[in-house]
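Asks: So that you have it, the file is structure-v2.tsv, and it contains TSV, C-alpha atoms:
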chain	number	residue	atom	x	y	z
A	1	MET	CA	37.21	-36.87	-8.09
A	2	ALA	CA	38.96	-36.45	-11.43
A	3	PRO	CA	37.38	-35.35	-14.73
A	4	PRO	CA	35.22	-35.91	-16.62
A	5	TYR	CA	32.29	-35.17	-14.30
A	6	GLN	CA	28.65	-36.05	-14.76
A	7	ARG	CA	27.89	-32.43	-14.05
A	8	HIS	CA	30.18	-29.49	-13.47
A	9	LEU	CA	28.97	-26.53	-11.47
A	10	PHE	CA	30.64	-23.14	-11.66
A	11	VAL	CA	29.90	-20.52	-9.04
A	12	CYS	CA	30.85	-16.96	-9.94
A	13	THR	CA	32.96	-15.55	-7.13
A	14	ASN	CA	34.00	-12.38	-8.90
A	15	ARG	CA	34.31	-9.28	-6.75
A	16	ARG	CA	33.93	-5.76	-8.13
A	17	PRO	CA	34.88	-2.56	-6.32
A	18	ASP	CA	32.33	-1.38	-3.76
A	19	GLY	CA	29.63	0.76	-5.35
A	20	SER	CA	29.92	-0.77	-8.80
A	21	PRO	CA	26.54	-0.27	-10.51
A	22	LYS	CA	26.41	-3.87	-11.79
A	23	GLY	CA	27.05	-5.28	-8.34
A	24	CYS	CA	28.94	-8.55	-8.11
A	25	CYS	CA	28.35	-12.12	-7.03
A	26	ALA	CA	30.96	-12.04	-4.27
A	27	SER	CA	29.23	-9.15	-2.51
A	28	LYS	CA	26.00	-11.16	-2.68
A	29	GLY	CA	27.46	-14.13	-0.84
A	30	SER	CA	28.76	-16.40	-3.59
A	31	ASP	CA	31.72	-17.70	-1.56
A	32	ASP	CA	29.31	-19.04	1.04
A	33	LEU	CA	27.12	-20.34	-1.77
A	34	ARG	CA	29.91	-22.45	-3.19
A	35	LEU	CA	30.76	-23.84	0.23
A	36	ALA	CA	27.08	-24.70	0.70
A	37	PHE	CA	27.13	-26.64	-2.57
A	38	LYS	CA	30.24	-28.56	-1.57
A	39	LYS	CA	28.76	-29.38	1.80
A	40	GLU	CA	25.42	-30.47	0.34
A	41	LEU	CA	27.05	-32.59	-2.38
A	42	ASP	CA	28.86	-34.42	0.39
A	43	ALA	CA	25.76	-34.68	2.56
A	44	GLN	CA	23.68	-36.14	-0.29
A	45	GLN	CA	26.61	-38.29	-1.42
A	46	VAL	CA	26.69	-36.91	-4.94
A	47	GLY	CA	30.17	-37.88	-6.01
A	48	SER	CA	29.78	-37.14	-9.70
A	49	VAL	CA	29.34	-33.37	-9.56
A	50	ARG	CA	32.18	-30.93	-9.04
A	51	ALA	CA	31.61	-27.42	-7.68
A	52	ASN	CA	34.20	-24.90	-8.83
A	53	THR	CA	34.71	-21.21	-8.41
A	54	ALA	CA	34.77	-19.18	-11.60
A	55	GLY	CA	35.65	-15.66	-12.62
A	56	CYS	CA	32.95	-13.26	-13.75
A	57	LEU	CA	30.24	-15.10	-15.68
A	58	ASP	CA	28.86	-11.76	-16.86
A	59	ALA	CA	25.49	-12.30	-15.25
A	60	CYS	CA	26.19	-9.81	-12.48
A	61	GLU	CA	22.67	-8.34	-12.42
A	62	ARG	CA	21.18	-11.80	-11.84
A	63	GLY	CA	23.73	-12.98	-9.31
A	64	PRO	CA	24.74	-14.83	-7.32
A	65	ALA	CA	25.06	-16.74	-10.59
A	66	VAL	CA	25.94	-20.35	-11.21
A	67	VAL	CA	25.98	-22.45	-14.35
A	68	VAL	CA	25.67	-26.22	-14.62
A	69	TYR	CA	27.37	-27.96	-17.54
A	70	PRO	CA	27.04	-29.86	-19.77
A	71	ASP	CA	23.34	-29.17	-19.12
A	72	ASN	CA	23.88	-25.45	-19.82
A	73	VAL	CA	21.46	-24.53	-17.06
A	74	TRP	CA	21.91	-21.14	-15.40
A	75	TYR	CA	20.60	-20.41	-11.94
A	76	GLY	CA	20.37	-16.99	-10.33
A	77	PRO	CA	19.85	-15.17	-8.19
A	78	ILE	CA	20.10	-18.02	-5.71
A	79	THR	CA	21.15	-18.29	-2.09
A	80	ALA	CA	22.48	-21.01	0.16
A	81	HIS	CA	18.87	-21.79	1.04
A	82	ASP	CA	18.29	-23.03	-2.54
A	83	VAL	CA	21.24	-25.39	-2.59
A	84	LYS	CA	19.61	-28.42	-1.00
A	85	GLU	CA	16.81	-28.42	-3.59
A	86	ILE	CA	19.16	-27.99	-6.56
A	87	VAL	CA	21.31	-30.89	-5.37
A	88	SER	CA	18.39	-33.23	-4.68
A	89	SER	CA	16.27	-32.29	-7.69
A	90	HIS	CA	18.73	-31.44	-10.43
A	91	PHE	CA	21.87	-33.34	-9.49
A	92	LYS	CA	20.28	-36.45	-8.01
A	93	ALA	CA	16.95	-36.73	-9.86
A	94	GLY	CA	17.88	-34.91	-13.06
A	95	VAL	CA	15.00	-32.43	-12.74
A	96	VAL	CA	15.95	-28.80	-13.27
A	97	VAL	CA	14.58	-26.43	-10.60
A	98	GLU	CA	12.68	-24.20	-13.00
A	99	ARG	CA	11.70	-21.51	-10.50
A	100	LEU	CA	15.38	-20.75	-9.88
A	101	VAL	CA	16.48	-20.73	-13.50
A	102	MET	CA	18.02	-17.41	-14.52
A	103	LYS	CA	16.00	-15.18	-16.82
A	104	LEU	CA	18.00	-14.95	-20.03
A	105	PRO	CA	19.05	-13.19	-22.10
A	106	ILE	CA	20.06	-10.19	-20.01
A	107	GLU	CA	19.14	-7.08	-21.96
A	108	ARG	CA	21.62	-4.24	-21.63
A	109	LYS	CA	21.56	-0.74	-22.97
A	110	LYS	CA	24.56	0.05	-25.11
A	111	PRO	CA	26.66	2.82	-23.57
B	1	MET	CA	28.71	-10.73	-23.91
B	2	ALA	CA	26.02	-12.05	-21.59
B	3	PRO	CA	25.02	-15.70	-21.14
B	4	PRO	CA	24.16	-18.12	-22.54
B	5	TYR	CA	27.29	-18.65	-24.63
B	6	GLN	CA	27.75	-20.89	-27.64
B	7	ARG	CA	30.79	-22.29	-25.87
B	8	HIS	CA	32.19	-21.60	-22.44
B	9	LEU	CA	35.86	-22.15	-21.76
B	10	PHE	CA	37.24	-22.55	-18.27
B	11	VAL	CA	40.96	-22.25	-17.64
B	12	CYS	CA	42.21	-23.64	-14.36
B	13	THR	CA	44.27	-20.97	-12.64
B	14	ASN	CA	44.65	-22.73	-9.33
B	15	ARG	CA	47.97	-22.28	-7.55
B	16	ARG	CA	49.36	-24.81	-5.10
B	17	PRO	CA	52.26	-24.22	-2.73
B	18	ASP	CA	55.70	-24.53	-4.32
B	19	GLY	CA	56.91	-28.11	-4.36
B	20	SER	CA	53.46	-29.69	-4.33
B	21	PRO	CA	53.82	-33.16	-5.89
B	22	LYS	CA	50.74	-32.72	-8.09
B	23	GLY	CA	52.00	-29.45	-9.46
B	24	CYS	CA	49.43	-26.84	-10.43
B	25	CYS	CA	48.15	-25.11	-13.53
B	26	ALA	CA	49.16	-21.63	-12.36
B	27	SER	CA	52.81	-22.63	-12.04
B	28	LYS	CA	52.61	-23.98	-15.59
B	29	GLY	CA	51.49	-20.68	-17.06
B	30	SER	CA	47.70	-20.85	-17.01
B	31	ASP	CA	47.22	-17.13	-16.37
B	32	ASP	CA	49.05	-16.37	-19.59
B	33	LEU	CA	47.09	-19.13	-21.28
B	34	ARG	CA	43.79	-17.53	-20.43
B	35	LEU	CA	44.97	-14.15	-21.65
B	36	ALA	CA	46.11	-15.80	-24.88
B	37	PHE	CA	42.61	-17.23	-25.35
B	38	LYS	CA	40.98	-13.87	-24.75
B	39	LYS	CA	43.34	-12.18	-27.19
B	40	GLU	CA	42.85	-14.84	-29.85
B	41	LEU	CA	39.06	-14.85	-29.48
B	42	ASP	CA	39.17	-11.13	-30.16
B	43	ALA	CA	41.62	-11.51	-33.03
B	44	GLN	CA	39.50	-14.17	-34.75
B	45	GLN	CA	36.32	-12.27	-33.90
B	46	VAL	CA	34.71	-15.14	-32.02
B	47	GLY	CA	32.10	-13.31	-30.02
B	48	SER	CA	30.16	-16.33	-28.84
B	49	VAL	CA	32.78	-17.97	-26.61
B	50	ARG	CA	33.62	-16.78	-23.12
B	51	ALA	CA	36.96	-17.58	-21.49
B	52	ASN	CA	36.79	-17.72	-17.70
B	53	THR	CA	39.21	-18.54	-14.96
B	54	ALA	CA	38.26	-21.45	-12.73
B	55	GLY	CA	39.41	-22.96	-9.49
B	56	CYS	CA	41.12	-26.35	-9.43
B	57	LEU	CA	39.62	-28.63	-12.08
B	58	ASP	CA	41.39	-31.59	-10.47
B	59	ALA	CA	43.39	-32.38	-13.56
B	60	CYS	CA	46.62	-31.04	-12.08
B	61	GLU	CA	48.84	-33.75	-13.55
B	62	ARG	CA	47.62	-32.96	-17.07
B	63	GLY	CA	47.72	-29.19	-16.75
B	64	PRO	CA	47.56	-26.52	-17.79
B	65	ALA	CA	44.00	-27.78	-18.05
B	66	VAL	CA	41.00	-26.26	-19.75
B	67	VAL	CA	37.50	-27.54	-20.36
B	68	VAL	CA	35.08	-26.46	-23.06
B	69	TYR	CA	31.35	-26.71	-22.34
B	70	PRO	CA	28.75	-27.69	-23.28
B	71	ASP	CA	30.98	-29.83	-25.54
B	72	ASN	CA	32.61	-31.40	-22.48
B	73	VAL	CA	35.98	-31.40	-24.21
B	74	TRP	CA	39.07	-31.30	-22.01
B	75	TYR	CA	42.41	-30.06	-23.29
B	76	GLY	CA	45.72	-30.44	-21.52
B	77	PRO	CA	48.51	-30.03	-21.19
B	78	ILE	CA	48.38	-27.09	-23.58
B	79	THR	CA	50.33	-23.88	-23.93
B	80	ALA	CA	49.71	-20.47	-25.40
B	81	HIS	CA	51.14	-21.83	-28.66
B	82	ASP	CA	48.11	-24.12	-29.01
B	83	VAL	CA	45.52	-21.41	-28.56
B	84	LYS	CA	45.32	-20.17	-32.13
B	85	GLU	CA	44.54	-23.68	-33.42
B	86	ILE	CA	41.90	-24.39	-30.76
B	87	VAL	CA	40.14	-21.12	-31.54
B	88	SER	CA	40.21	-21.57	-35.31
B	89	SER	CA	39.48	-25.29	-35.39
B	90	HIS	CA	37.22	-25.94	-32.42
B	91	PHE	CA	35.55	-22.61	-31.78
B	92	LYS	CA	35.22	-21.40	-35.36
B	93	ALA	CA	34.98	-24.60	-37.40
B	94	GLY	CA	33.56	-26.90	-34.71
B	95	VAL	CA	36.36	-29.43	-35.11
B	96	VAL	CA	37.94	-30.62	-31.85
B	97	VAL	CA	41.76	-30.59	-31.87
B	98	GLU	CA	42.19	-34.26	-31.06
B	99	ARG	CA	45.95	-34.21	-30.55
B	100	LEU	CA	45.52	-31.78	-27.64
B	101	VAL	CA	42.63	-33.56	-25.95
B	102	MET	CA	43.44	-34.59	-22.38
B	103	LYS	CA	43.97	-38.26	-21.69
B	104	LEU	CA	41.17	-39.28	-19.35
B	105	PRO	CA	40.45	-40.71	-16.90
B	106	ILE	CA	43.41	-39.83	-14.68
B	107	GLU	CA	44.35	-42.94	-12.73
B	108	ARG	CA	45.43	-42.24	-9.17
B	109	LYS	CA	46.75	-44.54	-6.51
B	110	LYS	CA	44.67	-44.43	-3.37
B	111	PRO	CA	46.68	-43.14	-0.44
In C-alpha coordinates, what does this structure look like?
Replies:
Amino acid sequence: MAPPYQRHLFVCTNRRPDGSPKGCCASKGSDDLRLAFKKELDAQQVGSVRANTAGCLDACERGPAVVVYPDNVWYGPITAHDVKEIVSSHFKAGVVVERLVMKLPIERKKP
Amino acid sequence: MAPPYQRHLFVCTNRRPDGSPKGCCASKGSDDLRLAFKKELDAQQVGSVRANTAGCLDACERGPAVVVYPDNVWYGPITAHDVKEIVSSHFKAGVVVERLVMKLPIERKKP
(Lines of atoms letter the chains of each structure in order from A and count residues from 1; the text may use other names and numbers.)
(Lines give C-alpha, C1' and ligand atoms only; values in the text may rest on other atoms or scores of the structure.)
Protein backbone atom coordinates (compact mmCIF):
# COMPACT_ATOMS: atom_id res chain seq x y z
CA MET A 1 0.00 0.00 0.00
CA ALA A 2 1.49 3.32 -1.06
CA PRO A 3 0.42 6.79 0.11
CA PRO A 4 -1.87 8.60 0.39
CA TYR A 5 -3.89 6.51 2.85
CA GLN A 6 -7.51 6.87 3.83
CA ARG A 7 -6.35 6.85 7.41
CA HIS A 8 -2.87 6.75 8.88
CA LEU A 9 -2.33 5.34 12.33
CA PHE A 10 0.77 6.10 14.37
CA VAL A 11 1.60 4.01 17.41
CA CYS A 12 4.10 5.51 19.82
CA THR A 13 6.83 2.95 20.45
CA ASN A 14 9.15 5.24 22.34
CA ARG A 15 11.10 3.68 25.19
CA ARG A 16 12.40 5.67 28.16
CA PRO A 17 14.91 4.44 30.71
CA ASP A 18 13.46 2.18 33.40
CA GLY A 19 12.05 4.19 36.30
CA SER A 20 11.31 7.31 34.28
CA PRO A 21 8.50 9.15 36.10
CA LYS A 22 6.52 9.77 32.88
CA GLY A 23 6.64 6.10 31.93
CA CYS A 24 6.69 5.25 28.25
CA CYS A 25 4.51 3.57 25.67
CA ALA A 26 7.01 0.81 24.91
CA SER A 27 7.05 -0.37 28.52
CA LYS A 28 3.25 -0.50 28.37
CA GLY A 29 3.18 -2.87 25.42
CA SER A 30 3.01 -0.60 22.39
CA ASP A 31 5.09 -2.89 20.15
CA ASP A 32 2.52 -5.63 20.63
CA LEU A 33 -0.22 -3.05 20.13
CA ARG A 34 1.07 -2.09 16.72
CA LEU A 35 1.37 -5.72 15.68
CA ALA A 36 -2.21 -6.26 16.85
CA PHE A 37 -3.35 -3.40 14.63
CA LYS A 38 -1.52 -4.79 11.62
CA LYS A 39 -2.97 -8.22 12.20
CA GLU A 40 -6.51 -6.91 12.68
CA LEU A 41 -6.33 -4.65 9.63
CA ASP A 42 -5.45 -7.74 7.62
CA ALA A 43 -8.13 -9.85 9.29
CA GLN A 44 -10.85 -7.27 8.61
CA GLN A 45 -9.43 -6.60 5.14
CA VAL A 46 -8.94 -2.89 5.69
CA GLY A 47 -6.46 -2.08 2.96
CA SER A 48 -6.70 1.69 3.18
CA VAL A 49 -5.22 2.23 6.63
CA ARG A 50 -1.52 2.10 7.39
CA ALA A 51 -0.21 1.39 10.90
CA ASN A 52 3.20 2.92 11.58
CA THR A 53 5.48 3.16 14.54
CA ALA A 54 6.30 6.66 15.72
CA GLY A 55 8.72 8.28 18.11
CA CYS A 56 7.47 9.88 21.31
CA LEU A 57 4.08 11.50 20.76
CA ASP A 58 4.43 13.29 24.10
CA ALA A 59 1.35 11.67 25.57
CA CYS A 60 3.38 9.38 27.81
CA GLU A 61 1.05 9.66 30.81
CA ARG A 62 -1.90 8.50 28.70
CA GLY A 63 -0.08 5.74 26.84
CA PRO A 64 0.02 3.44 25.10
CA ALA A 65 -0.87 6.31 22.77
CA VAL A 66 -1.92 6.25 19.15
CA VAL A 67 -3.14 8.96 16.82
CA VAL A 68 -5.27 8.56 13.71
CA TYR A 69 -4.85 11.09 10.91
CA PRO A 70 -6.23 12.95 9.08
CA ASP A 71 -9.06 12.51 11.60
CA ASN A 72 -6.81 13.85 14.39
CA VAL A 73 -8.27 11.35 16.84
CA TRP A 74 -6.10 10.32 19.77
CA TYR A 75 -6.64 7.07 21.62
CA GLY A 76 -5.05 6.11 24.91
CA PRO A 77 -4.46 4.34 27.08
CA ILE A 78 -5.46 1.38 24.93
CA THR A 79 -4.42 -2.24 24.79
CA ALA A 80 -4.44 -4.98 22.18
CA HIS A 81 -7.90 -5.90 23.45
CA ASP A 82 -9.27 -2.60 22.08
CA VAL A 83 -7.86 -3.03 18.60
CA LYS A 84 -10.64 -5.10 17.09
CA GLU A 85 -13.26 -2.50 18.05
CA ILE A 86 -11.22 0.45 16.76
CA VAL A 87 -10.69 -1.28 13.42
CA SER A 88 -14.33 -2.32 12.98
CA SER A 89 -15.92 0.85 14.33
CA HIS A 90 -13.56 3.65 13.38
CA PHE A 91 -11.70 2.32 10.36
CA LYS A 92 -14.50 0.34 8.75
CA ALA A 93 -17.67 2.18 9.85
CA GLY A 94 -16.19 5.63 10.41
CA VAL A 95 -17.45 5.82 14.00
CA VAL A 96 -14.88 6.97 16.55
CA VAL A 97 -14.72 4.80 19.69
CA GLU A 98 -15.45 7.60 22.12
CA ARG A 99 -14.81 5.65 25.32
CA LEU A 100 -11.20 5.09 24.25
CA VAL A 101 -10.48 8.63 23.12
CA MET A 102 -7.59 10.20 25.03
CA LYS A 103 -8.41 12.90 27.55
CA LEU A 104 -6.79 16.06 26.23
CA PRO A 105 -5.16 18.39 26.86
CA ILE A 106 -2.67 16.85 29.27
CA GLU A 107 -2.08 19.34 32.05
CA ARG A 108 1.49 19.48 33.30
CA LYS A 109 3.05 21.42 36.10
CA LYS A 110 5.90 23.61 34.93
CA PRO A 111 9.19 22.54 36.51
CA MET B 1 4.30 20.41 23.88
CA ALA B 2 1.48 17.95 24.47
CA PRO B 3 -1.14 16.87 21.92
CA PRO B 4 -3.17 17.83 20.06
CA TYR B 5 -0.86 19.73 17.71
CA GLN B 6 -1.77 22.28 15.07
CA ARG B 7 0.31 20.23 12.66
CA HIS B 8 2.10 16.95 13.13
CA LEU B 9 5.08 16.10 10.96
CA PHE B 10 6.33 12.57 10.51
CA VAL B 11 9.74 11.93 9.03
CA CYS B 12 10.38 8.42 7.78
CA THR B 13 13.61 7.17 9.31
CA ASN B 14 13.30 3.59 8.17
CA ARG B 15 16.53 1.85 7.21
CA ARG B 16 16.67 -1.04 4.77
CA PRO B 17 19.65 -3.33 4.23
CA ASP B 18 22.38 -1.89 2.00
CA GLY B 19 21.67 -2.52 -1.66
CA SER B 20 17.90 -2.75 -1.30
CA PRO B 21 16.40 -1.85 -4.70
CA LYS B 22 13.78 0.46 -3.16
CA GLY B 23 16.39 2.36 -1.21
CA CYS B 24 15.36 3.84 2.12
CA CYS B 25 14.89 7.22 3.72
CA ALA B 26 17.54 6.68 6.38
CA SER B 27 20.25 6.11 3.77
CA LYS B 28 19.17 9.36 2.13
CA GLY B 29 19.71 11.41 5.26
CA SER B 30 16.33 11.42 7.00
CA ASP B 31 17.78 11.46 10.51
CA ASP B 32 19.52 14.73 9.72
CA LEU B 33 16.34 15.93 8.05
CA ARG B 34 14.32 15.45 11.19
CA LEU B 35 16.91 17.23 13.29
CA ALA B 36 16.86 20.09 10.79
CA PHE B 37 13.09 20.37 11.22
CA LYS B 38 13.36 20.42 15.00
CA LYS B 39 16.07 23.07 14.87
CA GLU B 40 14.15 25.23 12.39
CA LEU B 41 10.88 24.94 14.32
CA ASP B 42 12.75 26.27 17.33
CA ALA B 43 14.49 28.97 15.31
CA GLN B 44 11.23 30.24 13.82
CA GLN B 45 9.45 29.80 17.15
CA VAL B 46 6.78 27.47 15.81
CA GLY B 47 5.56 25.88 19.00
CA SER B 48 2.47 24.22 17.57
CA VAL B 49 4.10 21.69 15.25
CA ARG B 50 5.66 18.45 16.42
CA ALA B 51 8.29 16.63 14.36
CA ASN B 52 8.34 12.89 14.95
CA THR B 53 10.23 9.99 13.51
CA ALA B 54 8.14 7.30 11.86
CA GLY B 55 8.63 3.81 10.54
CA CYS B 56 8.46 3.12 6.81
CA LEU B 57 5.84 5.35 5.17
CA ASP B 58 6.05 3.19 2.03
CA ALA B 59 7.18 6.05 -0.14
CA CYS B 60 10.75 4.77 -0.34
CA GLU B 61 11.24 5.69 -4.00
CA ARG B 62 10.33 9.31 -3.31
CA GLY B 63 12.28 9.67 -0.09
CA PRO B 64 13.37 11.17 2.10
CA ALA B 65 9.65 11.27 2.74
CA VAL B 66 7.66 13.28 5.24
CA VAL B 67 3.95 13.73 5.78
CA VAL B 68 2.19 16.62 7.46
CA TYR B 69 -1.12 15.95 9.20
CA PRO B 70 -3.93 16.76 9.49
CA ASP B 71 -3.20 18.55 6.20
CA ASN B 72 -2.33 15.22 4.55
CA VAL B 73 0.47 16.86 2.60
CA TRP B 74 3.36 14.64 1.52
CA TYR B 75 6.77 16.05 0.72
CA GLY B 76 9.59 14.18 -0.95
CA PRO B 77 12.24 13.87 -1.93
CA ILE B 78 13.40 16.74 0.25
CA THR B 79 16.64 17.63 1.96
CA ALA B 80 17.67 19.70 4.93
CA HIS B 81 18.01 22.63 2.53
CA ASP B 82 14.23 22.63 2.01
CA VAL B 83 13.34 22.72 5.68
CA LYS B 84 13.52 26.46 6.25
CA GLU B 85 11.04 27.12 3.43
CA ILE B 86 8.59 24.43 4.57
CA VAL B 87 8.60 25.82 8.10
CA SER B 88 8.18 29.45 7.05
CA SER B 89 5.71 28.88 4.23
CA HIS B 90 3.64 25.88 5.29
CA PHE B 91 3.87 25.88 9.06
CA LYS B 92 3.92 29.63 9.66
CA ALA B 93 2.00 31.07 6.71
CA GLY B 94 -0.18 28.04 5.90
CA VAL B 95 0.99 27.92 2.28
CA VAL B 96 2.01 24.47 1.03
CA VAL B 97 5.35 24.41 -0.83
CA GLU B 98 3.97 22.96 -4.04
CA ARG B 99 7.30 22.38 -5.78
CA LEU B 100 8.33 19.97 -3.01
CA VAL B 101 5.06 18.04 -2.82
CA MET B 102 5.51 14.33 -3.50
CA LYS B 103 4.23 12.98 -6.79
CA LEU B 104 1.46 10.55 -5.89
CA PRO B 105 0.31 7.90 -6.34
CA ILE B 106 3.47 5.82 -6.68
CA GLU B 107 2.90 3.32 -9.48
CA ARG B 108 4.43 -0.07 -8.83
CA LYS B 109 4.64 -3.13 -11.00
CA LYS B 110 3.11 -6.16 -9.36
CA PRO B 111 5.70 -8.85 -8.77
Asks: Which neighbours of region 55-57 of chain B fall inside 6 Å, counting all atoms listed in the file, when residues of the same chain fewer than 3 positions from it are skipped, and could you give them as a VMD selection string?
Replies: (chain A and resid 52 to 53) or (chain B and resid 12 14)
Asks: Hey, list the chain B side of the contact with chain A: 12 Å cut-off, only C-alpha atoms, answer as a PyMOL selection string.
Replies: chain B and resi 1-14+34+49-62+65-76+102-108+110
Asks: CA of Ala26 (chain A) to CA of Gly63 (chain A): how many Å, to one decimal?
Replies: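 Computed distance, CA of Ala26 (chain A) to CA of Gly63 (chain A), equals 8.9 Å.
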Asks: If you measure from CA of Ile86 (chain A) to CA of Glu40 (chain A), what distance in Å do you get, rounded to one decimal?
Replies: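 Going from CA of Ile86 (chain A) over to CA of Glu40 (chain A), I get 9.6 Å.
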Asks: Compare A:Ser48, A:Ser89, A:Pro64, A:Lys38 by their minimum atom-to-atom distance to Gly23 (chain A), counting all atoms listed in the file, and give me the closest one.
Replies: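 Residue with the minimum atom-to-atom distance to Gly23 (chain A): A:Pro64.
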Asks: Please tell me which residues are no farther than 7 Å from (44.7, -15.8, -33.4) in the file, counting all atoms listed in the file, and write them as a list in words.
Replies: Glu40, Leu41, Ala43, Gln44 and Lys84 of chain B
Asks: Near Ser88 (chain A), within 10 Å and counting all atoms listed in the file, which residues show up once chain neighbours fewer than 3 positions away are dropped, as a list of chain:residue names?
Replies: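 Listing them by chain and then by number gives A:Glu40, A:Leu41, A:Gln44, A:Val46, A:Val83, A:Lys84, A:Glu85, A:Phe91, A:Lys92, A:Ala93, A:Gly94, A:Val95, A:Val96, A:Val97.
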Asks: Figure out the distance between CA of Gly29 (chain B) and CA of Ala80 (chain B), please, to one decimal in Å.
Replies: 8.5 Å
Asks: Mind giving me the axis-aligned box for region 26-34 of chain B with 4 Å on every side, centre plus edges in Å to one decimal, as JSON?
Replies:
{"center_x": 48.3, "center_y": -20.2, "center_z": -16.7, "size_x": 17.0, "size_y": 15.6, "size_z": 17.2}
